[in-house]
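As structure tokens, the structure follows; a few thoughts come after it.
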Amino acid sequence: MKRRPLGRTGMTVSELCLGTMTFGTQTAQEQAHAQIDHALAAGINFIDTAEMYPVNPVSKETIGRTEEIIGAWNAANSARRGDVILATKHSGSGMAHVRDGAPISGATIRATLEASLKRLRTDYVDLYQFHWPNRGSYMFRQNWSYDPSGQDPAAIRENMIDCLEALQREVDRGTIRAFGLSNESAWGTAHWLRLAEAGHGPRVASIQNEYSLLCRLFDTDMAELSVNEEVGLMAFSPLAAGLLTGKYQGGQVPQGSRMSLVPELGGRKSARVFGAVEAYLDIARRHGIDPVHMALAWALTRPFMMSAIFGATTLAQLDHALGAAEVTLSEEILGEIAAAHKAHPFPY
């Protein structure tokens with residue numbers, strides 16, 4: 001498994017990252033631990049989670065359960081903690097199940113981090129991420145209605161400084177090795193970088209935004225910022241919540257699948273999306289390549305990609321996805337993918 005730099009931190013991470021958001025709902029602890037073991041054996045050293053996981057659904061009763069499951073693995077494999085780059089996230093403003101929806105601030109960071117460390121049964125987190133900005137985000141299919149006109153830039157910068165100073169205290173304590181963002185914009189990321197350069201706290205090392213053949217919002221301003229500032233993308237949903245596997249074509253909804261639990265796939269299901277998926281499936285069929293491998297291998301060709309995060313409900317799905325690391329797409333396939341994107345630019 002190839003590794004790539006985690007920003008300017010000196011750490012390197014596997015180009016595929018094990019996502020864990022189903023651990024504790026769709027994936028039981030024993031199966032989750034088997035996935036971690038199998039992923040590490042295959043060369044993955046990067047695991048991503050969040051305080052709010054698991055999902056499908058998110059509920060007050062299950063908040064933190066995924067971290068607890070990973071923590072049980074850490075406790076049983078304490079000698080292997082150094083083999084894993086472990087990332088987790090602090091939920092943003094509006095998450096009613098934690099802190100009554102309070103925004104991220106210097107006052108929330110230590111207690112929130114300590115709770116994650118306790119559940120994860122570790123003394124430190126390698127990458128601590130802010131799950132979404134307090135001011136909101138254009139991600140999650142909100143890009144066509146996102147309105148920043150009511151924002152107070154001075155207050156946003158003041159909050160960023162407050163947060164960076166709190167993060168620096170954690171870096172100094174040894175509880176955080178690196179800081180990352182998620183669901184952020186170019187404007188927001190640039191401000192975090194500028195304030196870090198001014199000495200207020202740790203530099204942003206990475207950004208975790210949605211990116212796939214069906215969701216390419218990162219390709220413009222964020223791509224330029226990512227490459228030039230060495231803030232690599234951790235792409236979530238590179239298989240578009242399972243759409244790119246083809247399993248939902250023709251009205252199929254496999255039992256236990258994400259669509260069986262979340263029928264609209266968080267707004268990804270649309271009148272246009274299945275035609276776009278079919279275009280990519282057709283490319284895969286004609287070239288004799290697995291569509292899962294094609295989607296993941298394509299993501300890894302992007303110049304800003306640090307690691308593509310994929311999740312698996314079962315060990316068999318995990319093993320299947322791992323095959324993407326051995327796939328190299330030809331120029332012909334890449335050209336056909338580009339043509340399909342032009343024909344289906346915004347399927348959701």
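Residues are referred to by chain and number: the chain letter is A, B, ... according to the order shown in the structure tokens, the number counts from 1 in that chain, and ligands are numbered separately from 1 in the order shown.
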>> Which of segment 5-156 of chain A end up as helix (DSSP H, G or I) when DSSP is run on this backbone - answer as a PyMOL selection string?
In response: chain A and resi 29-41+65-76+78-83+99-101+106-120+148-150+153-156
Select from segment 204-285 of chain A every residue with an atom at most 12 Å from any atom of segment 39-51 of chain A, then for each give the shortest pair of atoms and their distance in Å to one decimal, using only C-alpha atoms, rows by chain and rising number, as a tab-separated table.
residue	atom	partner	partner_atom	distance
A:Gln208	CA	A:Asp48	CA	10.1
A:Met234	CA	A:Asp48	CA	9.6
A:Ala235	CA	A:Asp48	CA	11.1
A:Phe236	CA	A:Asp48	CA	10.0
Using all heavy atoms, can you export the residues from the last selection as a PDB file, in the first residue's frame?
ATOM      1  N   GLN A 208     -10.942  17.035   5.009  1.00  0.00           N
ATOM      2  CA  GLN A 208     -11.789  15.893   4.675  1.00  0.00           C
ATOM      3  C   GLN A 208     -13.112  16.410   4.112  1.00  0.00           C
ATOM      4  O   GLN A 208     -13.969  16.877   4.846  1.00  0.00           O
ATOM      5  CB  GLN A 208     -12.042  15.022   5.911  1.00  0.00           C
ATOM      6  CG  GLN A 208     -12.864  13.783   5.593  1.00  0.00           C
ATOM      7  CD  GLN A 208     -13.008  12.846   6.764  1.00  0.00           C
ATOM      8  OE1 GLN A 208     -13.969  12.077   6.820  1.00  0.00           O
ATOM      9  NE2 GLN A 208     -12.071  12.866   7.699  1.00  0.00           N
ATOM     10  N   MET A 234      -8.567  14.267   2.236  1.00  0.00           N
ATOM     11  CA  MET A 234      -9.070  12.968   2.664  1.00  0.00           C
ATOM     12  C   MET A 234     -10.479  12.888   2.092  1.00  0.00           C
ATOM     13  O   MET A 234     -11.398  13.527   2.613  1.00  0.00           O
ATOM     14  CB  MET A 234      -9.103  12.867   4.185  1.00  0.00           C
ATOM     15  CG  MET A 234      -7.764  12.963   4.867  1.00  0.00           C
ATOM     16  SD  MET A 234      -7.924  13.203   6.659  1.00  0.00           S
ATOM     17  CE  MET A 234      -8.772  11.694   7.154  1.00  0.00           C
ATOM     18  N   ALA A 235     -10.656  12.144   1.034  1.00  0.00           N
ATOM     19  CA  ALA A 235     -11.947  12.107   0.350  1.00  0.00           C
ATOM     20  C   ALA A 235     -12.894  11.160   1.061  1.00  0.00           C
ATOM     21  O   ALA A 235     -12.611   9.970   1.188  1.00  0.00           O
ATOM     22  CB  ALA A 235     -11.759  11.659  -1.090  1.00  0.00           C
ATOM     23  N   PHE A 236     -14.037  11.692   1.521  1.00  0.00           N
ATOM     24  CA  PHE A 236     -15.039  10.771   2.043  1.00  0.00           C
ATOM     25  C   PHE A 236     -16.095  10.503   0.975  1.00  0.00           C
ATOM     26  O   PHE A 236     -16.280  11.289   0.057  1.00  0.00           O
ATOM     27  CB  PHE A 236     -15.641  11.258   3.365  1.00  0.00           C
ATOM     28  CG  PHE A 236     -16.605  12.409   3.313  1.00  0.00           C
ATOM     29  CD1 PHE A 236     -17.934  12.221   2.965  1.00  0.00           C
ATOM     30  CD2 PHE A 236     -16.202  13.681   3.694  1.00  0.00           C
ATOM     31  CE1 PHE A 236     -18.844  13.270   2.961  1.00  0.00           C
ATOM     32  CE2 PHE A 236     -17.098  14.741   3.709  1.00  0.00           C
ATOM     33  CZ  PHE A 236     -18.422  14.538   3.327  1.00  0.00           C
TER      34      PHE A 236
END
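The shortest atom-to-atom distance to Gln35 of chain A, with only C-alpha atoms taken into account, belongs to A:Ala321 out of A:Ala321, A:Ala178, A:Leu300, A:Met1.
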Do you know which residues are at most 6 Å from Pro54 of chain A counting only C-alpha atoms, after dropping those on the same chain fewer than 3 positions away, and could you put them as a PDB file with N, CA, C and O atoms, in the first residue's frame?
ATOM      1  N   MET A  21     -17.598   4.645  10.145  1.00  0.00           N
ATOM      2  CA  MET A  21     -18.853   5.225  10.615  1.00  0.00           C
ATOM      3  C   MET A  21     -19.987   4.210  10.782  1.00  0.00           C
ATOM      4  O   MET A  21     -21.017   4.535  11.371  1.00  0.00           O
ATOM      5  N   THR A  22     -19.801   2.976  10.297  1.00  0.00           N
ATOM      6  CA  THR A  22     -20.822   1.945  10.531  1.00  0.00           C
ATOM      7  C   THR A  22     -20.520   1.090  11.760  1.00  0.00           C
ATOM      8  O   THR A  22     -21.353   0.266  12.154  1.00  0.00           O
ATOM      9  N   PHE A  23     -19.355   1.288  12.376  1.00  0.00           N
ATOM     10  CA  PHE A  23     -18.993   0.479  13.545  1.00  0.00           C
ATOM     11  C   PHE A  23     -19.936   0.823  14.696  1.00  0.00           C
ATOM     12  O   PHE A  23     -19.934   1.928  15.218  1.00  0.00           O
ATOM     13  N   GLY A  24     -20.749  -0.141  15.088  1.00  0.00           N
ATOM     14  CA  GLY A  24     -21.679   0.091  16.189  1.00  0.00           C
ATOM     15  C   GLY A  24     -23.127   0.139  15.773  1.00  0.00           C
ATOM     16  O   GLY A  24     -24.021   0.127  16.623  1.00  0.00           O
ATOM     17  N   THR A  66     -18.661   4.239  18.137  1.00  0.00           N
ATOM     18  CA  THR A  66     -17.596   3.826  17.214  1.00  0.00           C
ATOM     19  C   THR A  66     -16.229   4.012  17.862  1.00  0.00           C
ATOM     20  O   THR A  66     -15.357   3.135  17.770  1.00  0.00           O
TER      21      THR A  66
END
> Which residue out of A:Val55, A:Cys17, A:Val277, A:Ala72 has the minimum interatomic distance to Gly250 of chain A when only C-alpha atoms are used?
Replying inline: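 Closest to Gly250 of chain A of all the choices is A:Val277.
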>> One decimal, in Å: what's the spacing between atom CA of Arg80 of chain A and atom CA of Thr313 of chain A?
In response: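 Computed distance, atom CA of Arg80 of chain A to atom CA of Thr313 of chain A, equals 23.5 Å.
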> Between A:Ile69, A:Met139, A:Ile104, A:Met11, which is the closest to Ile156 of chain A once you count only C-alpha atoms?
Replying inline: A:Ile104
> How many Å lie between atom CA of Ala79 of chain A and atom CA of Thr122 of chain A, rounded to one decimal?
Replying inline: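 Computing the Euclidean distance for atom CA of Ala79 of chain A and atom CA of Thr122 of chain A yields 11.5 Å.
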> By how many Å are atom CA of Val125 of chain A and atom CA of Ser185 of chain A apart?
Replying inline: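 Computing it gives 24.0 Å between the two atoms.
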> Within 9 Å of Cys215 of chain A, counting only C-alpha atoms, which residues qualify if same-chain residues fewer than 4 places away don't, as a PyMOL selection string?
Replying inline: chain A and resi 210-211+238+240+345-348
Could you take the residues named above and write them with C-alpha atoms, as a compact mmCIF listing (two decimals), in the first residue's frame?
# COMPACT_ATOMS: atom_id res chain seq x y z
CA GLU A 210 -16.74 14.63 -0.05
CA TYR A 211 -15.21 13.68 -3.39
CA PRO A 238 -15.43 8.09 -2.88
CA ALA A 240 -20.84 7.98 -3.49
CA PRO A 345 -21.33 17.11 -14.37
CA PHE A 346 -23.66 17.57 -11.38
CA PRO A 347 -25.73 14.41 -10.86
CA TYR A 348 -26.59 15.43 -7.27
>> For a quick check of understanding, using only C-alpha atoms, which of A:Asp100, A:Glu67, A:Glu114, A:Glu184 has the smallest distance to Val204 of chain A?
In response: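 Nearest to Val204 of chain A: A:Glu184.
Of the residues in segment 10-197 of chain A, those given strand (DSSP E) by DSSP on the backbone are Thr12, Val13, Ser14, Leu16, Cys17, Leu18, Gly19, Phe46, Ile47, Asp48, Ile85, Leu86, Ala87, Thr88, Lys89, His90, Val125, Asp126, Leu127, Tyr128, Gln129, Phe130, Ile176, Arg177, Ala178, Phe179, Gly180, Leu181 and Ser182 of chain A.
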Per residue of segment 186-254 of chain A within 12 Å of segment 262-274 of chain A, what are the shortest atom pair and its distance in Å to one decimal, counting only C-alpha atoms, with rows by chain and residue number, as a Markdown table?
| residue | atom | partner | partner_atom | distance |
| --- | --- | --- | --- | --- |
| A:Glu210 | CA | A:Arg268 | CA | 11.6 |
| A:Ser212 | CA | A:Arg268 | CA | 11.9 |
| A:Leu213 | CA | A:Val273 | CA | 11.0 |
| A:Leu214 | CA | A:Val273 | CA | 7.9 |
| A:Cys215 | CA | A:Arg268 | CA | 9.4 |
| A:Ser237 | CA | A:Arg268 | CA | 10.8 |
| A:Leu239 | CA | A:Arg268 | CA | 11.6 |
| A:Ala240 | CA | A:Arg268 | CA | 7.8 |
| A:Ala241 | CA | A:Leu265 | CA | 6.9 |
| A:Gly242 | CA | A:Leu265 | CA | 9.1 |
| A:Leu243 | CA | A:Phe274 | CA | 8.0 |
| A:Leu244 | CA | A:Phe274 | CA | 9.3 |
| A:Thr245 | CA | A:Phe274 | CA | 11.4 |
| A:Gly246 | CA | A:Phe274 | CA | 8.9 |
| A:Lys247 | CA | A:Phe274 | CA | 10.8 |
| A:Tyr248 | CA | A:Phe274 | CA | 8.3 |
| A:Gln249 | CA | A:Phe274 | CA | 6.6 |
| A:Gly250 | CA | A:Phe274 | CA | 8.4 |
| A:Gly251 | CA | A:Phe274 | CA | 9.5 |
| A:Gln252 | CA | A:Phe274 | CA | 11.4 |
| A:Val253 | CA | A:Pro263 | CA | 8.9 |
| A:Pro254 | CA | A:Pro263 | CA | 11.4 |
> Between A:Ala111, A:Thr189, A:Ala223, A:Gly10, which has the minimum distance to Thr175 of chain A (counting only C-alpha atoms)?
Replying inline: A:Ala111
> Quick one: of A:Asn77, A:Thr27, A:Leu18, A:His320, who's nearest to Arg65 of chain A, counting only C-alpha atoms?
Replying inline: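 Distance minimum relative to Arg65 of chain A lands on A:Thr27.
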